[in-house]
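Asker: Input structure: data-v3.pdb, which contains PDB, C-alpha atoms, pLDDT in the B column.
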ATOM      1  CA  MET A   1      43.116  59.345 -53.266  1.00 78.00           C
ATOM      2  CA  PRO A   2      41.906  59.184 -56.867  1.00 92.00           C
ATOM      3  CA  VAL A   3      38.233  59.167 -55.831  1.00 94.00           C
ATOM      4  CA  HIS A   4      36.536  60.973 -52.949  1.00 93.00           C
ATOM      5  CA  ALA A   5      32.942  61.200 -51.806  1.00 96.00           C
ATOM      6  CA  SER A   6      30.699  63.323 -49.621  1.00 96.00           C
ATOM      7  CA  LEU A   7      27.128  62.985 -48.363  1.00 96.00           C
ATOM      8  CA  ALA A   8      24.816  65.847 -47.446  1.00 96.00           C
ATOM      9  CA  ASP A   9      21.020  66.108 -47.349  1.00 94.00           C
ATOM     10  CA  GLN A  10      20.708  62.533 -48.665  1.00 96.00           C
ATOM     11  CA  VAL A  11      22.697  63.374 -51.812  1.00 98.00           C
ATOM     12  CA  ALA A  12      26.090  61.714 -52.274  1.00 98.00           C
ATOM     13  CA  VAL A  13      28.707  63.214 -54.586  1.00 98.00           C
ATOM     14  CA  VAL A  14      31.389  60.871 -55.925  1.00 98.00           C
ATOM     15  CA  THR A  15      34.274  62.729 -57.579  1.00 97.00           C
ATOM     16  CA  VAL A  16      36.989  61.219 -59.733  1.00 97.00           C
ATOM     17  CA  ASP A  17      40.104  63.242 -58.927  1.00 95.00           C
ATOM     18  CA  ARG A  18      42.972  62.383 -61.284  1.00 93.00           C
ATOM     19  CA  PRO A  19      43.383  65.727 -63.072  1.00 90.00           C
ATOM     20  CA  GLU A  20      46.844  64.816 -64.334  1.00 90.00           C
ATOM     21  CA  ARG A  21      45.128  62.133 -66.466  1.00 90.00           C
ATOM     22  CA  ARG A  22      41.918  64.115 -67.141  1.00 92.00           C
ATOM     23  CA  ASN A  23      40.312  61.678 -64.672  1.00 94.00           C
ATOM     24  CA  ALA A  24      41.074  58.574 -66.726  1.00 93.00           C
ATOM     25  CA  LEU A  25      40.581  55.530 -64.507  1.00 93.00           C
ATOM     26  CA  ASN A  26      43.047  52.821 -63.631  1.00 91.00           C
ATOM     27  CA  LEU A  27      42.087  49.740 -61.622  1.00 91.00           C
ATOM     28  CA  GLU A  28      42.741  51.448 -58.274  1.00 91.00           C
ATOM     29  CA  ALA A  29      40.482  54.364 -59.145  1.00 93.00           C
ATOM     30  CA  LEU A  30      37.806  52.022 -60.522  1.00 94.00           C
ATOM     31  CA  GLU A  31      37.747  50.055 -57.264  1.00 95.00           C
ATOM     32  CA  GLU A  32      37.580  53.273 -55.237  1.00 96.00           C
ATOM     33  CA  LEU A  33      34.697  54.500 -57.378  1.00 97.00           C
ATOM     34  CA  HIS A  34      32.815  51.259 -56.806  1.00 97.00           C
ATOM     35  CA  ALA A  35      33.495  51.358 -53.049  1.00 96.00           C
ATOM     36  CA  ALA A  36      32.293  54.968 -52.852  1.00 97.00           C
ATOM     37  CA  VAL A  37      29.027  54.091 -54.590  1.00 98.00           C
ATOM     38  CA  VAL A  38      28.446  51.098 -52.296  1.00 97.00           C
ATOM     39  CA  GLU A  39      29.215  53.140 -49.170  1.00 97.00           C
ATOM     40  CA  ALA A  40      26.977  56.017 -50.249  1.00 97.00           C
ATOM     41  CA  VAL A  41      23.958  53.768 -50.784  1.00 97.00           C
ATOM     42  CA  ASP A  42      24.634  51.878 -47.544  1.00 96.00           C
ATOM     43  CA  ALA A  43      24.841  55.217 -45.708  1.00 96.00           C
ATOM     44  CA  GLY A  44      21.337  56.147 -46.831  1.00 95.00           C
ATOM     45  CA  ALA A  45      21.932  58.331 -49.874  1.00 97.00           C
ATOM     46  CA  ARG A  46      18.718  58.822 -51.824  1.00 97.00           C
ATOM     47  CA  ALA A  47      20.461  60.263 -54.886  1.00 98.00           C
ATOM     48  CA  LEU A  48      23.981  60.068 -56.256  1.00 98.00           C
ATOM     49  CA  VAL A  49      26.018  62.481 -58.400  1.00 98.00           C
ATOM     50  CA  ILE A  50      29.054  61.244 -60.340  1.00 98.00           C
ATOM     51  CA  THR A  51      31.466  63.975 -61.418  1.00 98.00           C
ATOM     52  CA  GLY A  52      35.114  64.681 -62.162  1.00 97.00           C
ATOM     53  CA  ALA A  53      37.598  67.217 -60.817  1.00 96.00           C
ATOM     54  CA  GLY A  54      39.527  69.823 -62.769  1.00 95.00           C
ATOM     55  CA  GLY A  55      37.079  70.477 -65.580  1.00 95.00           C
ATOM     56  CA  HIS A  56      36.772  66.941 -66.964  1.00 97.00           C
ATOM     57  CA  PHE A  57      34.305  64.122 -66.297  1.00 98.00           C
ATOM     58  CA  CYS A  58      36.472  61.160 -67.326  1.00 97.00           C
ATOM     59  CA  ALA A  59      38.740  60.842 -70.346  1.00 95.00           C
ATOM     60  CA  GLY A  60      38.455  57.032 -70.401  1.00 92.00           C
ATOM     61  CA  ALA A  61      40.562  54.150 -69.147  1.00 89.00           C
ATOM     62  CA  ASP A  62      44.159  54.933 -68.255  1.00 86.00           C
ATOM     63  CA  LEU A  63      45.790  53.157 -71.180  1.00 75.00           C
ATOM     64  CA  THR A  64      49.236  53.553 -69.621  1.00 73.00           C
ATOM     65  CA  GLU A  65      48.178  50.870 -67.128  1.00 66.00           C
ATOM     66  CA  LEU A  66      45.599  48.861 -69.052  1.00 61.00           C
ATOM     67  CA  GLU A  67      47.168  45.482 -69.770  1.00 56.00           C
ATOM     68  CA  ASP A  68      44.514  42.830 -70.342  1.00 68.00           C
ATOM     69  CA  VAL A  69      40.797  42.086 -70.503  1.00 76.00           C
ATOM     70  CA  GLY A  70      40.693  41.565 -66.731  1.00 82.00           C
ATOM     71  CA  PHE A  71      40.223  45.307 -66.313  1.00 87.00           C
ATOM     72  CA  THR A  72      37.319  45.353 -68.769  1.00 87.00           C
ATOM     73  CA  GLN A  73      35.670  42.424 -66.986  1.00 90.00           C
ATOM     74  CA  ARG A  74      35.873  44.257 -63.654  1.00 92.00           C
ATOM     75  CA  LEU A  75      34.670  47.450 -65.332  1.00 93.00           C
ATOM     76  CA  ALA A  76      31.588  45.601 -66.598  1.00 94.00           C
ATOM     77  CA  GLU A  77      30.749  44.512 -63.043  1.00 96.00           C
ATOM     78  CA  VAL A  78      31.185  48.031 -61.669  1.00 96.00           C
ATOM     79  CA  LEU A  79      29.066  49.608 -64.408  1.00 96.00           C
ATOM     80  CA  ARG A  80      26.232  47.119 -63.988  1.00 95.00           C
ATOM     81  CA  HIS A  81      26.237  47.685 -60.253  1.00 96.00           C
ATOM     82  CA  LEU A  82      26.105  51.464 -60.720  1.00 97.00           C
ATOM     83  CA  ALA A  83      23.246  51.148 -63.206  1.00 96.00           C
ATOM     84  CA  ALA A  84      21.274  48.937 -60.809  1.00 94.00           C
ATOM     85  CA  VAL A  85      21.590  50.874 -57.540  1.00 96.00           C
ATOM     86  CA  PRO A  86      18.067  51.600 -56.228  1.00 95.00           C
ATOM     87  CA  VAL A  87      18.558  55.391 -56.131  1.00 97.00           C
ATOM     88  CA  THR A  88      18.598  58.060 -58.805  1.00 97.00           C
ATOM     89  CA  THR A  89      22.058  58.620 -60.281  1.00 98.00           C
ATOM     90  CA  VAL A  90      23.113  61.819 -62.037  1.00 98.00           C
ATOM     91  CA  ALA A  91      26.197  62.275 -64.216  1.00 98.00           C
ATOM     92  CA  ALA A  92      27.511  65.850 -64.033  1.00 98.00           C
ATOM     93  CA  VAL A  93      29.478  66.033 -67.273  1.00 98.00           C
ATOM     94  CA  GLU A  94      31.948  68.680 -68.341  1.00 98.00           C
ATOM     95  CA  GLY A  95      35.053  68.463 -70.498  1.00 97.00           C
ATOM     96  CA  SER A  96      36.156  65.028 -71.665  1.00 97.00           C
ATOM     97  CA  CYS A  97      33.597  62.219 -71.482  1.00 98.00           C
ATOM     98  CA  MET A  98      35.214  59.558 -73.610  1.00 96.00           C
ATOM     99  CA  GLY A  99      35.531  55.792 -73.665  1.00 94.00           C
ATOM    100  CA  LEU A 100      35.148  54.602 -70.098  1.00 95.00           C
ATOM    101  CA  GLY A 101      33.857  58.074 -69.212  1.00 97.00           C
ATOM    102  CA  MET A 102      31.041  57.607 -71.684  1.00 97.00           C
ATOM    103  CA  GLN A 103      30.318  54.223 -70.104  1.00 97.00           C
ATOM    104  CA  LEU A 104      30.025  55.875 -66.678  1.00 98.00           C
ATOM    105  CA  ALA A 105      27.628  58.459 -68.071  1.00 98.00           C
ATOM    106  CA  LEU A 106      25.625  55.698 -69.771  1.00 98.00           C
ATOM    107  CA  ALA A 107      25.341  53.829 -66.455  1.00 97.00           C
ATOM    108  CA  CYS A 108      23.729  56.833 -64.761  1.00 98.00           C
ATOM    109  CA  ASP A 109      20.001  57.529 -64.910  1.00 97.00           C
ATOM    110  CA  VAL A 110      20.195  61.141 -66.072  1.00 98.00           C
ATOM    111  CA  ARG A 111      22.881  63.477 -67.333  1.00 98.00           C
ATOM    112  CA  VAL A 112      23.496  67.176 -66.733  1.00 98.00           C
ATOM    113  CA  VAL A 113      25.863  68.442 -69.428  1.00 98.00           C
ATOM    114  CA  ALA A 114      28.019  71.569 -69.429  1.00 98.00           C
ATOM    115  CA  ASP A 115      28.802  73.487 -72.611  1.00 98.00           C
ATOM    116  CA  THR A 116      32.416  72.264 -72.457  1.00 98.00           C
ATOM    117  CA  ALA A 117      31.466  68.576 -72.666  1.00 98.00           C
ATOM    118  CA  ARG A 118      32.857  66.419 -75.442  1.00 98.00           C
ATOM    119  CA  PHE A 119      31.803  62.812 -76.051  1.00 98.00           C
ATOM    120  CA  ALA A 120      33.534  59.971 -77.873  1.00 97.00           C
ATOM    121  CA  VAL A 121      33.817  56.180 -78.022  1.00 97.00           C
ATOM    122  CA  PRO A 122      37.127  55.906 -79.911  1.00 94.00           C
ATOM    123  CA  VAL A 123      37.401  52.118 -79.930  1.00 93.00           C
ATOM    124  CA  ALA A 124      38.039  51.987 -83.672  1.00 95.00           C
ATOM    125  CA  LYS A 125      41.166  54.095 -83.160  1.00 93.00           C
ATOM    126  CA  LEU A 126      42.547  51.577 -80.681  1.00 87.00           C
ATOM    127  CA  GLY A 127      41.456  48.206 -82.010  1.00 89.00           C
ATOM    128  CA  LEU A 128      39.303  47.650 -78.906  1.00 85.00           C
ATOM    129  CA  MET A 129      35.666  46.699 -78.498  1.00 90.00           C
ATOM    130  CA  VAL A 130      33.180  47.518 -75.769  1.00 91.00           C
ATOM    131  CA  ASP A 131      30.793  44.910 -74.399  1.00 92.00           C
ATOM    132  CA  HIS A 132      27.242  44.469 -75.680  1.00 94.00           C
ATOM    133  CA  TRP A 133      25.763  46.105 -72.560  1.00 94.00           C
ATOM    134  CA  THR A 134      27.566  49.333 -73.489  1.00 96.00           C
ATOM    135  CA  LEU A 135      26.471  49.159 -77.133  1.00 96.00           C
ATOM    136  CA  ASP A 136      22.870  48.592 -76.068  1.00 95.00           C
ATOM    137  CA  ARG A 137      22.906  51.542 -73.656  1.00 96.00           C
ATOM    138  CA  LEU A 138      24.656  53.702 -76.244  1.00 97.00           C
ATOM    139  CA  ALA A 139      22.026  52.964 -78.893  1.00 96.00           C
ATOM    140  CA  ARG A 140      19.117  53.456 -76.493  1.00 95.00           C
ATOM    141  CA  LEU A 141      20.362  56.698 -74.940  1.00 97.00           C
ATOM    142  CA  TRP A 142      21.958  58.382 -77.974  1.00 98.00           C
ATOM    143  CA  GLY A 143      19.932  56.723 -80.741  1.00 97.00           C
ATOM    144  CA  GLU A 144      21.266  54.066 -83.084  1.00 97.00           C
ATOM    145  CA  GLY A 145      22.491  56.520 -85.709  1.00 97.00           C
ATOM    146  CA  ALA A 146      24.613  58.426 -83.202  1.00 98.00           C
ATOM    147  CA  ALA A 147      25.829  55.162 -81.659  1.00 98.00           C
ATOM    148  CA  ARG A 148      27.084  54.001 -85.058  1.00 98.00           C
ATOM    149  CA  HIS A 149      28.616  57.424 -85.707  1.00 97.00           C
ATOM    150  CA  LEU A 150      30.479  57.363 -82.387  1.00 97.00           C
ATOM    151  CA  THR A 151      31.763  53.804 -82.586  1.00 97.00           C
ATOM    152  CA  LEU A 152      32.383  53.281 -86.303  1.00 97.00           C
ATOM    153  CA  THR A 153      33.833  56.665 -87.265  1.00 97.00           C
ATOM    154  CA  ALA A 154      35.371  57.729 -83.900  1.00 96.00           C
ATOM    155  CA  ALA A 155      33.302  60.928 -84.051  1.00 97.00           C
ATOM    156  CA  VAL A 156      33.583  63.473 -81.242  1.00 98.00           C
ATOM    157  CA  LEU A 157      30.205  64.980 -80.339  1.00 98.00           C
ATOM    158  CA  ASP A 158      29.596  68.081 -78.251  1.00 98.00           C
ATOM    159  CA  ALA A 159      27.084  69.370 -75.708  1.00 98.00           C
ATOM    160  CA  ASP A 160      24.743  70.617 -78.420  1.00 98.00           C
ATOM    161  CA  ASP A 161      24.711  67.139 -79.962  1.00 98.00           C
ATOM    162  CA  ALA A 162      24.015  65.553 -76.576  1.00 98.00           C
ATOM    163  CA  TRP A 163      21.100  67.926 -76.035  1.00 97.00           C
ATOM    164  CA  ARG A 164      19.733  67.594 -79.565  1.00 97.00           C
ATOM    165  CA  LEU A 165      19.872  63.789 -79.502  1.00 97.00           C
ATOM    166  CA  GLY A 166      18.440  63.365 -76.000  1.00 96.00           C
ATOM    167  CA  PHE A 167      21.527  62.126 -74.180  1.00 98.00           C
ATOM    168  CA  ALA A 168      21.507  65.204 -71.911  1.00 98.00           C
ATOM    169  CA  GLN A 169      18.446  65.758 -69.750  1.00 98.00           C
ATOM    170  CA  GLU A 170      19.560  69.162 -68.446  1.00 97.00           C
ATOM    171  CA  ARG A 171      22.228  71.654 -69.425  1.00 98.00           C
ATOM    172  CA  GLY A 172      24.501  73.125 -66.762  1.00 98.00           C
ATOM    173  CA  GLY A 173      27.247  72.395 -64.271  1.00 97.00           C
ATOM    174  CA  LEU A 174      27.702  70.604 -60.979  1.00 97.00           C
ATOM    175  CA  ASP A 175      25.375  72.948 -59.092  1.00 97.00           C
ATOM    176  CA  ASP A 176      22.597  72.117 -61.539  1.00 98.00           C
ATOM    177  CA  ALA A 177      23.290  68.397 -61.132  1.00 98.00           C
ATOM    178  CA  LEU A 178      23.170  68.769 -57.337  1.00 98.00           C
ATOM    179  CA  ALA A 179      19.869  70.624 -57.561  1.00 98.00           C
ATOM    180  CA  LEU A 180      18.414  67.869 -59.736  1.00 98.00           C
ATOM    181  CA  ALA A 181      19.687  65.160 -57.379  1.00 98.00           C
ATOM    182  CA  GLY A 182      18.278  67.090 -54.418  1.00 97.00           C
ATOM    183  CA  ARG A 183      14.834  67.100 -55.989  1.00 97.00           C
ATOM    184  CA  ALA A 184      15.056  63.384 -56.728  1.00 97.00           C
ATOM    185  CA  ALA A 185      16.188  62.600 -53.181  1.00 95.00           C
ATOM    186  CA  HIS A 186      12.854  63.775 -51.760  1.00 95.00           C
ATOM    187  CA  LEU A 187      10.685  61.650 -54.031  1.00 95.00           C
ATOM    188  CA  ALA A 188       9.278  58.181 -53.339  1.00 93.00           C
ATOM    189  CA  PRO A 189      12.169  55.684 -53.102  1.00 92.00           C
ATOM    190  CA  LEU A 190      10.120  52.557 -53.795  1.00 92.00           C
ATOM    191  CA  THR A 191       8.718  54.147 -56.929  1.00 92.00           C
ATOM    192  CA  GLN A 192      12.187  55.135 -58.114  1.00 92.00           C
ATOM    193  CA  ALA A 193      13.765  51.765 -57.357  1.00 90.00           C
ATOM    194  CA  GLY A 194      10.916  49.834 -58.967  1.00 91.00           C
ATOM    195  CA  THR A 195      10.825  52.053 -62.028  1.00 92.00           C
ATOM    196  CA  LYS A 196      14.579  51.645 -62.534  1.00 90.00           C
ATOM    197  CA  GLN A 197      14.107  47.900 -62.288  1.00 88.00           C
ATOM    198  CA  GLY A 198      11.413  47.975 -64.970  1.00 87.00           C
ATOM    199  CA  LEU A 199      13.078  50.241 -67.498  1.00 89.00           C
ATOM    200  CA  GLY A 200      14.653  48.199 -70.242  1.00 75.00           C
ATOM    201  CA  VAL A 201      13.094  44.880 -69.154  1.00 74.00           C
ATOM    202  CA  ALA A 202      12.395  42.752 -72.209  1.00 72.00           C
ATOM    203  CA  PRO A 203       8.841  41.331 -72.286  1.00 70.00           C
ATOM    204  CA  SER A 204      10.347  37.906 -72.994  1.00 74.00           C
ATOM    205  CA  ASP A 205      12.387  37.964 -69.752  1.00 76.00           C
ATOM    206  CA  ASP A 206       9.861  36.335 -67.443  1.00 75.00           C
ATOM    207  CA  ASP A 207      12.040  36.559 -64.326  1.00 82.00           C
ATOM    208  CA  ALA A 208      12.701  40.266 -64.801  1.00 80.00           C
ATOM    209  CA  VAL A 209       9.025  40.944 -65.490  1.00 82.00           C
ATOM    210  CA  SER A 210       8.118  39.068 -62.296  1.00 84.00           C
ATOM    211  CA  ARG A 211      10.591  41.157 -60.277  1.00 86.00           C
ATOM    212  CA  TYR A 212       9.083  44.329 -61.690  1.00 82.00           C
ATOM    213  CA  GLU A 213       5.561  43.127 -60.892  1.00 86.00           C
ATOM    214  CA  ALA A 214       6.652  42.429 -57.304  1.00 85.00           C
ATOM    215  CA  ALA A 215       8.109  45.959 -57.042  1.00 83.00           C
ATOM    216  CA  PHE A 216       4.887  47.342 -58.522  1.00 87.00           C
ATOM    217  CA  ALA A 217       2.789  45.519 -55.923  1.00 84.00           C
ATOM    218  CA  ARG A 218       5.068  46.664 -53.099  1.00 84.00           C
ATOM    219  CA  ALA A 219       4.751  50.320 -54.126  1.00 85.00           C
ATOM    220  CA  TRP A 220       0.977  50.122 -54.325  1.00 89.00           C
ATOM    221  CA  ALA A 221       0.824  48.552 -50.846  1.00 85.00           C
ATOM    222  CA  SER A 222       3.324  50.954 -49.262  1.00 88.00           C
ATOM    223  CA  ASP A 223       3.024  53.518 -46.492  1.00 82.00           C
ATOM    224  CA  ASP A 224       4.625  55.948 -48.945  1.00 83.00           C
ATOM    225  CA  LEU A 225       1.568  55.739 -51.190  1.00 83.00           C
ATOM    226  CA  THR A 226      -0.637  56.620 -48.223  1.00 85.00           C
ATOM    227  CA  GLU A 227       1.683  59.511 -47.383  1.00 86.00           C
ATOM    228  CA  GLY A 228       1.727  60.725 -50.985  1.00 80.00           C
ATOM    229  CA  ARG A 229      -2.040  60.800 -51.175  1.00 86.00           C
ATOM    230  CA  ALA A 230      -2.337  62.545 -47.807  1.00 85.00           C
ATOM    231  CA  ALA A 231       0.232  65.168 -48.789  1.00 84.00           C
ATOM    232  CA  PHE A 232      -1.606  65.817 -52.055  1.00 84.00           C
ATOM    233  CA  THR A 233      -4.919  66.261 -50.220  1.00 86.00           C
ATOM    234  CA  GLU A 234      -3.356  68.473 -47.548  1.00 86.00           C
ATOM    235  CA  ARG A 235      -1.368  70.478 -50.107  1.00 87.00           C
ATOM    236  CA  ARG A 236       1.995  69.875 -48.469  1.00 89.00           C
ATOM    237  CA  GLU A 237       5.286  68.264 -49.392  1.00 87.00           C
ATOM    238  CA  PRO A 238       5.271  64.474 -48.802  1.00 88.00           C
ATOM    239  CA  ARG A 239       7.703  62.857 -46.404  1.00 88.00           C
ATOM    240  CA  PHE A 240       8.626  59.556 -47.993  1.00 92.00           C
ATOM    241  CA  ARG A 241      10.442  56.898 -45.957  1.00 87.00           C
ATOM    242  CA  GLY A 242      10.780  54.026 -48.406  1.00 81.00           C
ATOM    243  CA  ASN A 243       8.301  51.672 -46.753  1.00 84.00           C
TER
END
Show me, as structure tokens, the structure contained in the file I just sent.
Answerer:
Amino acid sequence: MPVHASLADQVAVVTVDRPERRNALNLEALEELHAAVVEAVDAGARALVITGAGGHFCAGADLTELEDVGFTQRLAEVLRHLAAVPVTTVAAVEGSCMGLGMQLALACDVRVVADTARFAVPVAKLGLMVDHWTLDRLARLWGEGAARHLTLTAAVLDADDAWRLGFAQERGGLDDALALAGRAAHLAPLTQAGTKQGLGVAPSDDDAVSRYEAAFARAWASDDLTEGRAAFTERREPRFRGN
């Protein structure tokens, strides 16, 4: 199978395993990735790590099988779903993170980057374009200057660039990503889900602002808030349940 997943201690690991293609995704692998994310959240995962096998994160879309815009339309749905899951998502990036791989990393909440990582959005080499959602995430997470550099000149950036420009939140490998996800998995789920919902909401989007305000009210009325305060007073670790 091109994608496999595991769940332990409330942390799910989803691994793209197509080393012969440096983990480039075809439609089958994309659907398996989406199914693994859905199943992990449904199974109670409180944090999710996306990684690749064989020393590479994801080298992009498998252009040997990419035939029409139908793939890109499905990709957009999968990426938006990944970005919106109500748990913390961590991209563990090493080796190639290019094209679709960059989009996967952009869809995650935080990124742990190994020294071997290389980043590119080589659309100008192929005559392709990415959707506006990707451009917006690229500009917000890399900075507009780097986003223009990546897309307009087909630049390849490295781990030092990712760290310097703020795209990487931690440096290290899969073990470091798992440790980060493990810490996130024990924090307050309503706070995390609501905060994710609010990040990037435009003030002019009244419906999105209302949804964030509802999440805000729910967190402030939750049993988890009571537990968090009690744990702070009693100087112990809180036991959050998401209610």
Asker: Given the file above and the PyMOL selection byres ((chain A and resi 41-58) around 6), which residues are selected, and can you give them as a count of residues only?
Answerer: 31
Asker: Using all atoms listed in the file, which residues sit within 12 Å of Ala221 in chain A once same-chain residues fewer than 5 positions away are excluded, as a ChimeraX atom specification?
Answerer: /A:190-191,214-216,226-227,242-243
Asker: Have a look at A:Ala179, A:Glu170, A:Arg118, A:Thr134 and name the one nearest to Leu157 in chain A; count all atoms listed in the file.
Answerer: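 Using all atoms listed in the file, the shortest distance to Leu157 in chain A belongs to A:Arg118.
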Asker: Counting all atoms listed in the file, I want the residues whose atoms come within 12 Å of (32.1, 48.8, -64.6) in the file frame, returned as a PyMOL selection string.
Answerer: chain A and resi 25-27+29-35+37+60-61+70-84+99-108+130-131+133-134
Asker: Of the candidates A:Trp220, A:Trp163, A:Trp142, A:Phe232, which shows the shortest atom-to-atom distance to Asp115 in chain A, using all atoms listed in the file?
Answerer: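 Closest residue, counting all atoms listed in the file: A:Trp163.
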Asker: Enter the distance from CA of Arg111 in chain A to CA of Asp136 in chain A, in Å, rounded to one decimal.
Answerer: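 Taking CA of Arg111 in chain A as the start and CA of Asp136 in chain A as the end point, the length is 17.3 Å.
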Asker: So for range 10-19 of chain A, what box centre and size do we get, axis-aligned, 3 Å extra on each of the six sides, every listed atom, Å to one decimal, as JSON?
Answerer:
{"center_x": 32.0, "center_y": 63.3, "center_z": -55.9, "size_x": 28.7, "size_y": 10.9, "size_z": 20.4}
Asker: What does the distance between CA of Pro238 in chain A and CA of Leu7 in chain A come to in Å, to one decimal place?
Answerer: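 CA of Leu7 in chain A lies 21.9 Å from CA of Pro238 in chain A.
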Asker: I'd like the residues picked by the PyMOL selection byres ((chain A and resi 159) around 9) written out as a PyMOL selection string, using the chain letters and numbers from the file.
Answerer: chain A and resi 94+113-119+157-158+160-164+168+171
Asker: Identify which of the residues A:Ala120, A:Glu20, A:Val112, A:Arg235 lies closest to Asp175 in chain A, counting only C-alpha atoms when measuring atom-to-atom distances.
Answerer: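 Checking each candidate against Asp175 in chain A, we get A:Val112 as the closest.
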Asker: Select, from A:Leu174, A:Ala184, A:Leu165, A:Val209, the residue with the minimum atom-to-atom distance to Asp9 in chain A, counting only C-alpha atoms.
Answerer: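 For Asp9 in chain A, the nearest of the candidates is A:Ala184.
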Asker: State, in Å with one decimal place, the distance from CA of Thr151 in chain A to CA of Val121 in chain A.
Answerer: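 Spanning CA of Thr151 in chain A to CA of Val121 in chain A is a straight-line distance of 5.5 Å.
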Asker: Quick one: residues within 8 Å of Asp224 in chain A, only C-alpha atoms counted, chain neighbours fewer than 4 positions away excluded, as a ChimeraX atom specification?
Answerer: /A:188,219,228,239-243
Asker: Could you save those same residues with C-alpha atoms as an mmCIF file, in the frame of the given file?
Answerer:
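out17.cif, written as the output of this step:
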data_model
loop_
_atom_site.group_PDB
_atom_site.id
_atom_site.type_symbol
_atom_site.label_atom_id
_atom_site.label_comp_id
_atom_site.auth_asym_id
_atom_site.auth_seq_id
_atom_site.Cartn_x
_atom_site.Cartn_y
_atom_site.Cartn_z
ATOM 1 C CA ALA A 188 9.278 58.181 -53.339
ATOM 2 C CA ALA A 219 4.751 50.320 -54.126
ATOM 3 C CA GLY A 228 1.727 60.725 -50.985
ATOM 4 C CA ARG A 239 7.703 62.857 -46.404
ATOM 5 C CA PHE A 240 8.626 59.556 -47.993
ATOM 6 C CA ARG A 241 10.442 56.898 -45.957
ATOM 7 C CA GLY A 242 10.780 54.026 -48.406
ATOM 8 C CA ASN A 243 8.301 51.672 -46.753
#
Asker: Taking all atoms listed in the file into account, which of A:Ala202, A:Arg21, A:Ala124, A:Ala147 comes nearest Thr64 in chain A?
Answerer: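 Selected residue with least distance to Thr64 in chain A: A:Arg21.
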